[in-house]
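Just below is one structure, and these are the notes that go with it.
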Amino acid sequence: MKSAVTISLVPEARGGPFVFWDDLAASCQHAAELGFDAVEVFPPGADALDVAKVAQLLGAHGLQCAAIGTGAGWVKHKLRLTDPDAAVRQKAIGFASEIIDAAGMLGAPAIIGSMQGRWGEGVTRDQALGWLGEALAVLAERAARHGVPLLYEPLNRYETNLFNRQGEAAAFLRSLRSQNVQLLCDLFHMSIEESCIADALRAAGPRVGHLHFADSNRQAIGWGHTDMTPIMAALREINYTGYLSAEVLPLPDSVSAARRSMESFRRWTTA
Ligand code: LER
Ligand code: MN
């Protein structure tokens, strides 16, 4: 398994669960010094990422790009893949497509998390799932052209009412026309929604494409009450070799949260 740490470049997301903020170069420097394998970046949009410059920066620090988030599509631009307005849904697909292309050029998958939206306000669950499924298939086909998967992240009940648990999301992904969508399993959301995190990971098996390494209180692993022993056993059982990416609050500060995450990563991957 490989280590990654999150960097947000979206001022509107302030207060969110990202370790580093605002300054990509300084954040990469910290990440490399602390020994991370990769960074996961949340940009305000694809136009904020000069792919050649980012590739050069990562290369200079010996870092990989683990994934690129599309959350700014919702947080900043109010675009959702399940918006009642067809024009907004179309713009949402366009926004995510551009991020998929930028991420793909960096050899990384893009994440669909908060851009999935929710049902209600005149939109039935069936209608929302139809739009979500079609959008994920289109975006996954685009990702496939870059040789990377698309990551779909079930969120807890306070953030979406579409899919909150890995098992139901995996079944939905199996029904799609494209099979190039993998699950992003966020241990924070799972600690709220799953009966047993380890069983859920075991059941999702080869669909697990990425993991957000966060404790029950969204602090660095080791600083909440999630029991990591069965979770790591499950990840080994399913032969997970992807990232454990620290998507946690910058508490008590960014560098400390990153250091704590790296200490926990080492503890749990060398055990
Ligand atoms: C939001 O709660 C989250 O976990 C992010 O990874 C979603 O974009
Ligand atoms: Mn997450």
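Note on naming: chains are A, B, ... as they come in the structure tokens, residues start from 1 per chain, ligands start from 1 in the order shown.
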
**Request:** For ligand 1, list the contacting residues at 6 Å or closer, counting only C-alpha atoms and all ligand atoms, as a count of residues only.
**Result:** 3

Show me, as JSON lines, the residues of chain A having an atom within 7 Å of ligand 2, each with the closest atom pair and its distance in Å, using only C-alpha atoms and all ligand atoms.
{"residue": "A:Glu153", "atom": "CA", "partner": "ligand 2", "partner_atom_place_in_ligand_line": "1 (Mn)", "distance": 6.9}
{"residue": "A:Asp186", "atom": "CA", "partner": "ligand 2", "partner_atom_place_in_ligand_line": "1 (Mn)", "distance": 4.9}
{"residue": "A:His212", "atom": "CA", "partner": "ligand 2", "partner_atom_place_in_ligand_line": "1 (Mn)", "distance": 5.5}
{"residue": "A:Glu247", "atom": "CA", "partner": "ligand 2", "partner_atom_place_in_ligand_line": "1 (Mn)", "distance": 6.2}

**Prompt:** Excluding same-chain residues fewer than 5 positions from Gly117 (chain A), what lies within 10 Å of it counting only C-alpha atoms, as a count of residues only?
**Reply:** 14

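Here CA of Asp253 (chain A) and CA of Thr229 (chain A) stand 26.4 Å from one another.
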
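Surrounding region 89-104 of chain A within 7 Å are Gly45, Ala46, Val51, Ala67, Ile68, Thr70, Gly73, Leu79, Arg80, Leu81, Thr82, Asp83, Asp85, Ala108, Pro109, Ala110, Ala135, Leu139, Ala143, His146 and Val148 of chain A, with only C-alpha atoms counted and residues fewer than 4 positions along the same chain left out.
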
Go ahead and write the selection's residues with N, CA, C and O atoms as a compact mmCIF listing (two decimals), in the first residue's frame.
# COMPACT_ATOMS: atom_id res chain seq x y z
N GLY A 45 -10.64 23.97 -10.38
CA GLY A 45 -11.08 23.54 -11.71
C GLY A 45 -9.84 23.11 -12.49
O GLY A 45 -8.71 23.34 -12.06
N ALA A 46 -10.08 22.47 -13.66
CA ALA A 46 -8.93 21.98 -14.44
C ALA A 46 -8.04 23.14 -14.89
O ALA A 46 -6.82 22.99 -15.01
N VAL A 51 -0.75 21.29 -16.18
CA VAL A 51 -0.33 19.90 -16.04
C VAL A 51 1.19 19.74 -16.14
O VAL A 51 1.80 19.00 -15.35
N ALA A 67 -4.61 11.12 -6.90
CA ALA A 67 -5.95 11.37 -7.44
C ALA A 67 -6.18 12.87 -7.47
O ALA A 67 -5.48 13.63 -6.80
N ILE A 68 -7.18 13.27 -8.29
CA ILE A 68 -7.58 14.68 -8.32
C ILE A 68 -9.09 14.73 -8.02
O ILE A 68 -9.88 13.99 -8.62
N THR A 70 -12.94 16.44 -7.67
CA THR A 70 -13.81 17.35 -8.44
C THR A 70 -14.75 18.13 -7.53
O THR A 70 -15.67 18.81 -8.03
N GLY A 73 -16.46 21.47 -8.12
CA GLY A 73 -17.59 21.56 -9.04
C GLY A 73 -18.87 21.87 -8.27
O GLY A 73 -19.71 22.66 -8.74
N LEU A 79 -22.33 22.82 -9.28
CA LEU A 79 -22.66 21.86 -10.35
C LEU A 79 -22.82 20.46 -9.75
O LEU A 79 -21.95 20.01 -9.00
N ARG A 80 -23.92 19.79 -10.07
CA ARG A 80 -24.16 18.43 -9.59
C ARG A 80 -24.61 17.55 -10.74
O ARG A 80 -25.37 17.99 -11.60
N LEU A 81 -24.17 16.31 -10.72
CA LEU A 81 -24.52 15.36 -11.79
C LEU A 81 -25.99 14.97 -11.75
O LEU A 81 -26.50 14.41 -12.72
N THR A 82 -26.69 15.28 -10.63
CA THR A 82 -28.10 14.93 -10.50
C THR A 82 -28.97 16.17 -10.32
O THR A 82 -30.07 16.09 -9.79
N ASP A 83 -28.49 17.31 -10.77
CA ASP A 83 -29.28 18.55 -10.69
C ASP A 83 -30.55 18.41 -11.54
O ASP A 83 -30.51 17.81 -12.62
N ASP A 85 -31.89 20.51 -13.38
CA ASP A 85 -31.74 21.28 -14.62
C ASP A 85 -30.73 20.57 -15.56
O ASP A 85 -29.56 20.41 -15.21
N ALA A 108 -3.34 9.83 -13.08
CA ALA A 108 -4.14 9.68 -11.87
C ALA A 108 -5.63 9.62 -12.19
O ALA A 108 -6.08 10.19 -13.19
N PRO A 109 -6.42 8.99 -11.32
CA PRO A 109 -7.87 9.01 -11.48
C PRO A 109 -8.48 10.27 -10.90
O PRO A 109 -7.88 10.90 -10.01
N ALA A 110 -9.65 10.64 -11.38
CA ALA A 110 -10.43 11.73 -10.78
C ALA A 110 -11.48 11.12 -9.86
O ALA A 110 -11.85 9.95 -10.02
N ALA A 135 -24.02 9.55 -16.14
CA ALA A 135 -22.86 10.44 -16.03
C ALA A 135 -21.60 9.66 -15.66
O ALA A 135 -20.52 9.86 -16.26
N LEU A 139 -18.22 9.48 -17.92
CA LEU A 139 -16.95 9.94 -17.34
C LEU A 139 -15.95 8.78 -17.24
O LEU A 139 -14.74 8.98 -17.45
N ALA A 143 -12.18 8.46 -18.74
CA ALA A 143 -11.02 8.08 -17.93
C ALA A 143 -10.28 6.90 -18.57
O ALA A 143 -9.05 6.85 -18.55
N HIS A 146 -7.47 7.44 -20.83
CA HIS A 146 -6.18 7.76 -20.20
C HIS A 146 -5.60 6.55 -19.48
O HIS A 146 -4.56 6.66 -18.82
N VAL A 148 -6.89 5.07 -16.86
CA VAL A 148 -7.11 5.15 -15.41
C VAL A 148 -8.59 4.90 -15.13
O VAL A 148 -9.43 5.11 -16.01
